[in-house]
file entry-v4.pdb (PDB, C-alpha atoms)
MODEL        1
ATOM      1  CA  MET B  38      -9.467  18.338  -4.109
ATOM      2  CA  PHE B  39     -10.900  15.079  -2.896
ATOM      3  CA  SER B  40      -9.022  11.803  -3.010
ATOM      4  CA  ASN B  41      -9.371   9.421  -5.905
ATOM      5  CA  CYS B  42     -12.937   8.076  -6.260
ATOM      6  CA  PHE B  43     -11.786   4.524  -6.954
ATOM      7  CA  SER B  44      -9.593   4.522  -3.856
ATOM      8  CA  LEU B  45     -12.502   5.799  -1.754
ATOM      9  CA  ALA B  46     -14.853   3.184  -3.213
ATOM     10  CA  HIS B  47     -12.313   0.514  -2.296
ATOM     11  CA  ASP B  48     -11.896   1.938   1.240
ATOM     12  CA  LEU B  49     -15.650   1.919   1.646
ATOM     13  CA  LYS B  50     -15.977  -1.743   0.705
ATOM     14  CA  VAL B  51     -12.868  -2.927   2.603
ATOM     15  CA  ASN B  52     -12.804  -0.668   5.677
ATOM     16  CA  GLY B  53     -16.476   0.191   5.974
ATOM     17  CA  GLY B  54     -16.013   3.933   5.565
ATOM     18  CA  PHE B  55     -13.907   6.984   4.802
ATOM     19  CA  THR B  56     -13.549  10.720   5.354
ATOM     20  CA  SER B  57     -12.167  12.768   2.473
ATOM     21  CA  TRP B  58     -11.199  16.303   3.557
ATOM     22  CA  LEU B  59     -11.505  19.296   1.242
ATOM     23  CA  ALA B  60      -8.474  20.963   2.783
ATOM     24  CA  ALA B  61      -6.342  20.012   5.779
ATOM     25  CA  SER B  62      -7.385  16.928   7.710
ATOM     26  CA  HIS B  63      -8.034  17.057  11.443
ATOM     27  CA  ASP B  64      -6.798  14.851  14.281
ATOM     28  CA  SER B  65      -9.318  16.007  16.891
ATOM     29  CA  GLY B  66     -12.951  16.998  17.084
ATOM     30  CA  TYR B  67     -15.973  15.460  15.441
ATOM     31  CA  CYS B  68     -17.336  14.813  11.973
ATOM     32  CA  VAL B  69     -20.996  15.766  11.700
ATOM     33  CA  GLY B  70     -22.962  14.803   8.623
ATOM     34  CA  ASN B  71     -25.996  16.538   7.194
ATOM     35  CA  ASN B  72     -28.899  14.260   6.343
ATOM     36  CA  ASN B  73     -30.457  17.085   4.318
ATOM     37  CA  TYR B  74     -27.609  16.751   1.794
ATOM     38  CA  SER B  75     -26.886  13.027   1.703
ATOM     39  CA  LEU B  76     -27.096  10.085  -0.655
ATOM     40  CA  HIS B  77     -28.026   6.503   0.244
ATOM     41  CA  PHE B  78     -27.821   3.603  -2.192
ATOM     42  CA  GLN B  79     -26.980  -0.087  -2.476
ATOM     43  CA  SER B  80     -24.204  -1.480  -4.655
ATOM     44  CA  ASP B  81     -21.488  -4.125  -4.671
ATOM     45  CA  ASN B  82     -19.841  -2.711  -7.786
ATOM     46  CA  GLU B  83     -16.795  -0.511  -7.084
ATOM     47  CA  GLN B  84     -17.109   1.186 -10.495
ATOM     48  CA  GLU B  85     -20.709   2.182  -9.772
ATOM     49  CA  ILE B  86     -19.734   3.362  -6.274
ATOM     50  CA  ALA B  87     -16.857   5.425  -7.712
ATOM     51  CA  ASP B  88     -19.220   7.008 -10.272
ATOM     52  CA  LYS B  89     -21.709   7.983  -7.559
ATOM     53  CA  LEU B  90     -18.857   9.316  -5.410
ATOM     54  CA  TYR B  91     -17.652  11.516  -8.257
ATOM     55  CA  LYS B  92     -21.144  12.962  -8.790
ATOM     56  CA  PHE B  93     -21.528  13.484  -5.033
ATOM     57  CA  MET B  94     -18.189  15.331  -4.915
ATOM     58  CA  VAL B  95     -19.358  17.680  -7.661
ATOM     59  CA  TYR B  96     -22.594  18.178  -5.711
ATOM     60  CA  ALA B  97     -20.549  18.991  -2.568
ATOM     61  CA  GLU B  98     -18.531  21.602  -4.452
ATOM     62  CA  VAL B  99     -21.726  23.239  -5.733
ATOM     63  CA  LEU B 100     -23.139  23.320  -2.183
ATOM     64  CA  GLN B 101     -19.912  24.889  -0.962
ATOM     65  CA  MET B 102     -20.052  27.557  -3.676
ATOM     66  CA  ARG B 103     -23.609  28.324  -2.530
ATOM     67  CA  GLY B 104     -22.396  28.958   1.018
ATOM     68  CA  LEU B 105     -22.885  25.632   2.818
ATOM     69  CA  THR B 106     -19.986  24.654   5.071
ATOM     70  CA  VAL B 107     -18.420  21.538   3.553
ATOM     71  CA  ASP B 108     -15.241  20.404   5.306
ATOM     72  CA  ALA B 109     -15.281  16.851   3.946
ATOM     73  CA  ILE B 110     -17.286  14.059   2.415
ATOM     74  CA  GLY B 111     -17.915  11.065   4.619
ATOM     75  CA  GLY B 112     -19.010   7.633   3.557
ATOM     76  CA  TRP B 113     -19.899   4.500   5.434
ATOM     77  CA  LEU B 114     -21.286   1.081   4.617
ATOM     78  CA  ASP B 115     -24.034  -0.626   6.591
ATOM     79  CA  LYS B 116     -22.915  -4.215   6.006
ATOM     80  CA  ASP B 117     -26.216  -5.644   7.290
ATOM     81  CA  THR B 118     -28.231  -3.957   4.528
ATOM     82  CA  ASN B 119     -25.395  -3.287   2.037
ATOM     83  CA  THR B 120     -26.475   0.368   2.076
ATOM     84  CA  ILE B 121     -23.866   3.026   1.361
ATOM     85  CA  TYR B 122     -24.294   6.443   2.976
ATOM     86  CA  LEU B 123     -22.532   9.532   1.631
ATOM     87  CA  ASP B 124     -22.689  12.715   3.719
ATOM     88  CA  ILE B 125     -21.593  16.304   3.531
ATOM     89  CA  VAL B 126     -19.418  16.681   6.651
ATOM     90  CA  GLN B 127     -18.674  19.602   8.937
ATOM     91  CA  HIS B 128     -15.762  19.480  11.381
ATOM     92  CA  ILE B 129     -16.755  20.593  14.888
ATOM     93  CA  GLU B 130     -14.251  20.698  17.785
ATOM     94  CA  ASN B 131     -16.683  20.759  20.733
ATOM     95  CA  LEU B 132     -18.745  17.635  21.584
ATOM     96  CA  ALA B 133     -21.833  19.539  22.762
ATOM     97  CA  ASP B 134     -21.847  21.656  19.585
ATOM     98  CA  ALA B 135     -21.354  18.545  17.444
ATOM     99  CA  ILE B 136     -24.311  16.781  19.093
ATOM    100  CA  GLU B 137     -26.518  19.869  18.713
ATOM    101  CA  LEU B 138     -25.641  20.172  15.007
ATOM    102  CA  ALA B 139     -26.182  16.433  14.467
ATOM    103  CA  LYS B 140     -29.677  16.672  15.934
ATOM    104  CA  LEU B 141     -30.437  19.697  13.774
ATOM    105  CA  ASN B 142     -29.166  17.781  10.716
ATOM    106  CA  GLN B 143     -31.216  14.673  11.617
ATOM    107  CA  GLU B 144     -28.111  12.520  11.974
ATOM    108  CA  LEU B 145     -28.069   9.205  13.850
ATOM    109  CA  ALA B 146     -24.433   9.450  14.935
ATOM    110  CA  ILE B 147     -21.271  11.553  14.816
ATOM    111  CA  TYR B 148     -17.686  10.396  14.356
ATOM    112  CA  GLU B 149     -15.023  11.188  16.950
ATOM    113  CA  ILE B 150     -11.788  11.689  15.047
ATOM    114  CA  HIS B 151      -9.202  11.115  17.799
ATOM    115  CA  THR B 152     -10.651   7.770  18.934
ATOM    116  CA  ALA B 153     -11.994   6.736  15.512
ATOM    117  CA  THR B 154     -15.370   5.836  17.023
ATOM    118  CA  CYS B 155     -18.993   6.609  16.299
ATOM    119  CA  ILE B 156     -21.167   8.236  18.934
ATOM    120  CA  ASP B 157     -24.882   7.533  18.635
ATOM    121  CA  ILE B 158     -27.172  10.528  18.946
TER     122      ILE B 158
ENDMDL
END
call {"tool": "encode", "arguments": {"input": "entry-v4.pdb", "output": "structure tokens"}}
result
Amino acid sequence: MFSNCFSLAHDLKVNGGFTSWLAASHDSGYCVGNNNYSLHFQSDNEQEIADKLYKFMVYAEVLQMRGLTVDAIGGWLDKDTNTIYLDIVQHIENLADAIELAKLNQELAIYEIHTATCIDI
């Protein structure tokens, strides 16, 4: 199960983002979101963020039961606009495959796990 929603809301506000794995975490490869199954909103309130995270986690579990690959939930905060982005995440080992999937999913960037950096698409 996913990590505690309040802890994730705090990580989002303090660290600017998080990845919460459904099963085992990964130390290599890439996190690729899916803009077709995402949520964007603005909030400074950790309680409100935690509530939306909980609902998004339930949504992710429903998508997984319907056959969508859901390896994790990712969240990041655009501090310039105070917009929070929550994404359904797939783990992909190969960079070329990750970029191809990101383009298909209309993503702006992917996250490289080993270096903890974003790669713009």
call {"tool": "residues_around", "arguments": {"input": "entry-v4.pdb", "residues": "Thr154 of chain B", "least_positions_apart": "5", "cutoff": "12 Å", "atoms": "all atoms listed in the file", "output": "list of chain:residue names"}}
result
B:Gly54, B:Ser65, B:Gly66, B:Tyr67, B:Cys68, B:Ala146, B:Ile147, B:Tyr148, B:Glu149
call {"tool": "residues_around", "arguments": {"input": "entry-v4.pdb", "residues": "Asn142 of chain B", "least_positions_apart": "6", "cutoff": "7 Å", "atoms": "all atoms listed in the file", "output": "PyMOL selection string"}}
result
chain B and resi 71-73
call {"tool": "write_last_selection", "arguments": {"input": "entry-v4.pdb", "atoms": "C-alpha atoms", "output": "tab-separated table (two decimals), in the coordinates of the input"}}
result
chain	number	residue	atom	x	y	z
B	71	ASN	CA	-26.00	16.54	7.19
B	72	ASN	CA	-28.90	14.26	6.34
B	73	ASN	CA	-30.46	17.08	4.32
call {"tool": "resolve_selection", "arguments": {"input": "entry-v4.pdb", "expression": "the PyMOL selection byres ((chain B and resi 108-119) around 8)", "output": "NGL selection string"}}
result
:B and (49-50 or 53-60 or 70 or 79-81 or 94 or 97 or 106-107 or 120-128)
call {"tool": "resolve_selection", "arguments": {"input": "entry-v4.pdb", "expression": "the PyMOL selection byres ((chain B and resi 87) around 8)", "output": "list of chain:residue names"}}
result
B:Cys42, B:Phe43, B:Leu45, B:Ala46, B:Glu83, B:Gln84, B:Glu85, B:Ile86, B:Asp88, B:Lys89, B:Leu90, B:Tyr91
call {"tool": "closest_residue", "arguments": {"input": "entry-v4.pdb", "among": "B:Asn82, B:Ser62, B:Gln101, B:Thr152", "to": "His47 of chain B", "atoms": "only C-alpha atoms"}}
result
B:Asn82
call {"tool": "closest_residue", "arguments": {"input": "entry-v4.pdb", "among": "B:Glu98, B:Glu130, B:Asp157, B:Glu144", "to": "Asp64 of chain B", "atoms": "only C-alpha atoms"}}
result
B:Glu130
call {"tool": "atom_distance", "arguments": {"input": "entry-v4.pdb", "atom1": "atom CA of Asn41 of chain B", "atom2": "atom CA of His77 of chain B"}}
result
19.9 Å
call {"tool": "atom_distance", "arguments": {"input": "entry-v4.pdb", "atom1": "atom CA of Cys155 of chain B", "atom2": "atom CA of Tyr96 of chain B"}}
result
25.1 Å
call {"tool": "axis_aligned_box", "arguments": {"input": "entry-v4.pdb", "around": "segment 139-154 of chain B", "padding_each_side": "8 Å", "output": "JSON"}}
result
{"center_x": -20.2, "center_y": 12.8, "center_z": 14.8, "size_x": 38.0, "size_y": 29.9, "size_z": 24.2}
call {"tool": "atom_distance", "arguments": {"input": "entry-v4.pdb", "atom1": "atom CA of Val99 of chain B", "atom2": "atom CA of Ala153 of chain B"}}
result
28.6 Å
call {"tool": "closest_residue", "arguments": {"input": "entry-v4.pdb", "among": "B:Val95, B:Val69, B:Val51, B:Leu76", "to": "Ile156 of chain B", "atoms": "all atoms listed in the file"}}
result
B:Val69
call {"tool": "build_atoms", "arguments": {"input": "entry-v4.pdb", "residues": "segment 97-112 of chain B", "atoms": "N, CA and C atoms", "output": "PDB file, in the coordinates of the input"}}
result
ATOM      1  N   ALA B  97     -21.114  18.352  -3.764  1.00  0.00           N
ATOM      2  CA  ALA B  97     -20.549  18.991  -2.568  1.00  0.00           C
ATOM      3  C   ALA B  97     -19.882  20.315  -2.921  1.00  0.00           C
ATOM      4  N   GLU B  98     -19.180  20.357  -4.032  1.00  0.00           N
ATOM      5  CA  GLU B  98     -18.531  21.602  -4.452  1.00  0.00           C
ATOM      6  C   GLU B  98     -19.560  22.681  -4.798  1.00  0.00           C
ATOM      7  N   VAL B  99     -20.661  22.279  -5.424  1.00  0.00           N
ATOM      8  CA  VAL B  99     -21.726  23.239  -5.733  1.00  0.00           C
ATOM      9  C   VAL B  99     -22.333  23.777  -4.440  1.00  0.00           C
ATOM     10  N   LEU B 100     -22.598  22.883  -3.476  1.00  0.00           N
ATOM     11  CA  LEU B 100     -23.139  23.320  -2.183  1.00  0.00           C
ATOM     12  C   LEU B 100     -22.190  24.293  -1.495  1.00  0.00           C
ATOM     13  N   GLN B 101     -20.900  24.008  -1.581  1.00  0.00           N
ATOM     14  CA  GLN B 101     -19.912  24.889  -0.962  1.00  0.00           C
ATOM     15  C   GLN B 101     -19.906  26.261  -1.643  1.00  0.00           C
ATOM     16  N   MET B 102     -20.009  26.286  -2.957  1.00  0.00           N
ATOM     17  CA  MET B 102     -20.052  27.557  -3.676  1.00  0.00           C
ATOM     18  C   MET B 102     -21.296  28.360  -3.318  1.00  0.00           C
ATOM     19  N   ARG B 103     -22.360  27.656  -2.919  1.00  0.00           N
ATOM     20  CA  ARG B 103     -23.609  28.324  -2.530  1.00  0.00           C
ATOM     21  C   ARG B 103     -23.632  28.714  -1.058  1.00  0.00           C
ATOM     22  N   GLY B 104     -22.509  28.473  -0.349  1.00  0.00           N
ATOM     23  CA  GLY B 104     -22.396  28.958   1.018  1.00  0.00           C
ATOM     24  C   GLY B 104     -22.535  27.930   2.115  1.00  0.00           C
ATOM     25  N   LEU B 105     -22.804  26.667   1.786  1.00  0.00           N
ATOM     26  CA  LEU B 105     -22.885  25.632   2.818  1.00  0.00           C
ATOM     27  C   LEU B 105     -21.476  25.262   3.265  1.00  0.00           C
ATOM     28  N   THR B 106     -21.290  25.095   4.568  1.00  0.00           N
ATOM     29  CA  THR B 106     -19.986  24.654   5.071  1.00  0.00           C
ATOM     30  C   THR B 106     -19.790  23.186   4.731  1.00  0.00           C
ATOM     31  N   VAL B 107     -18.760  22.905   3.945  1.00  0.00           N
ATOM     32  CA  VAL B 107     -18.420  21.538   3.553  1.00  0.00           C
ATOM     33  C   VAL B 107     -16.942  21.349   3.852  1.00  0.00           C
ATOM     34  N   ASP B 108     -16.636  20.670   4.953  1.00  0.00           N
ATOM     35  CA  ASP B 108     -15.241  20.404   5.306  1.00  0.00           C
ATOM     36  C   ASP B 108     -14.745  19.109   4.688  1.00  0.00           C
ATOM     37  N   ALA B 109     -15.666  18.161   4.458  1.00  0.00           N
ATOM     38  CA  ALA B 109     -15.281  16.851   3.946  1.00  0.00           C
ATOM     39  C   ALA B 109     -16.509  16.139   3.401  1.00  0.00           C
ATOM     40  N   ILE B 110     -16.241  15.019   2.758  1.00  0.00           N
ATOM     41  CA  ILE B 110     -17.286  14.059   2.415  1.00  0.00           C
ATOM     42  C   ILE B 110     -17.004  12.816   3.255  1.00  0.00           C
ATOM     43  N   GLY B 111     -18.047  12.297   3.853  1.00  0.00           N
ATOM     44  CA  GLY B 111     -17.915  11.065   4.619  1.00  0.00           C
ATOM     45  C   GLY B 111     -18.743   9.975   3.982  1.00  0.00           C
ATOM     46  N   GLY B 112     -18.261   8.775   4.072  1.00  0.00           N
ATOM     47  CA  GLY B 112     -19.010   7.633   3.557  1.00  0.00           C
ATOM     48  C   GLY B 112     -18.891   6.459   4.503  1.00  0.00           C
TER      49      GLY B 112
END
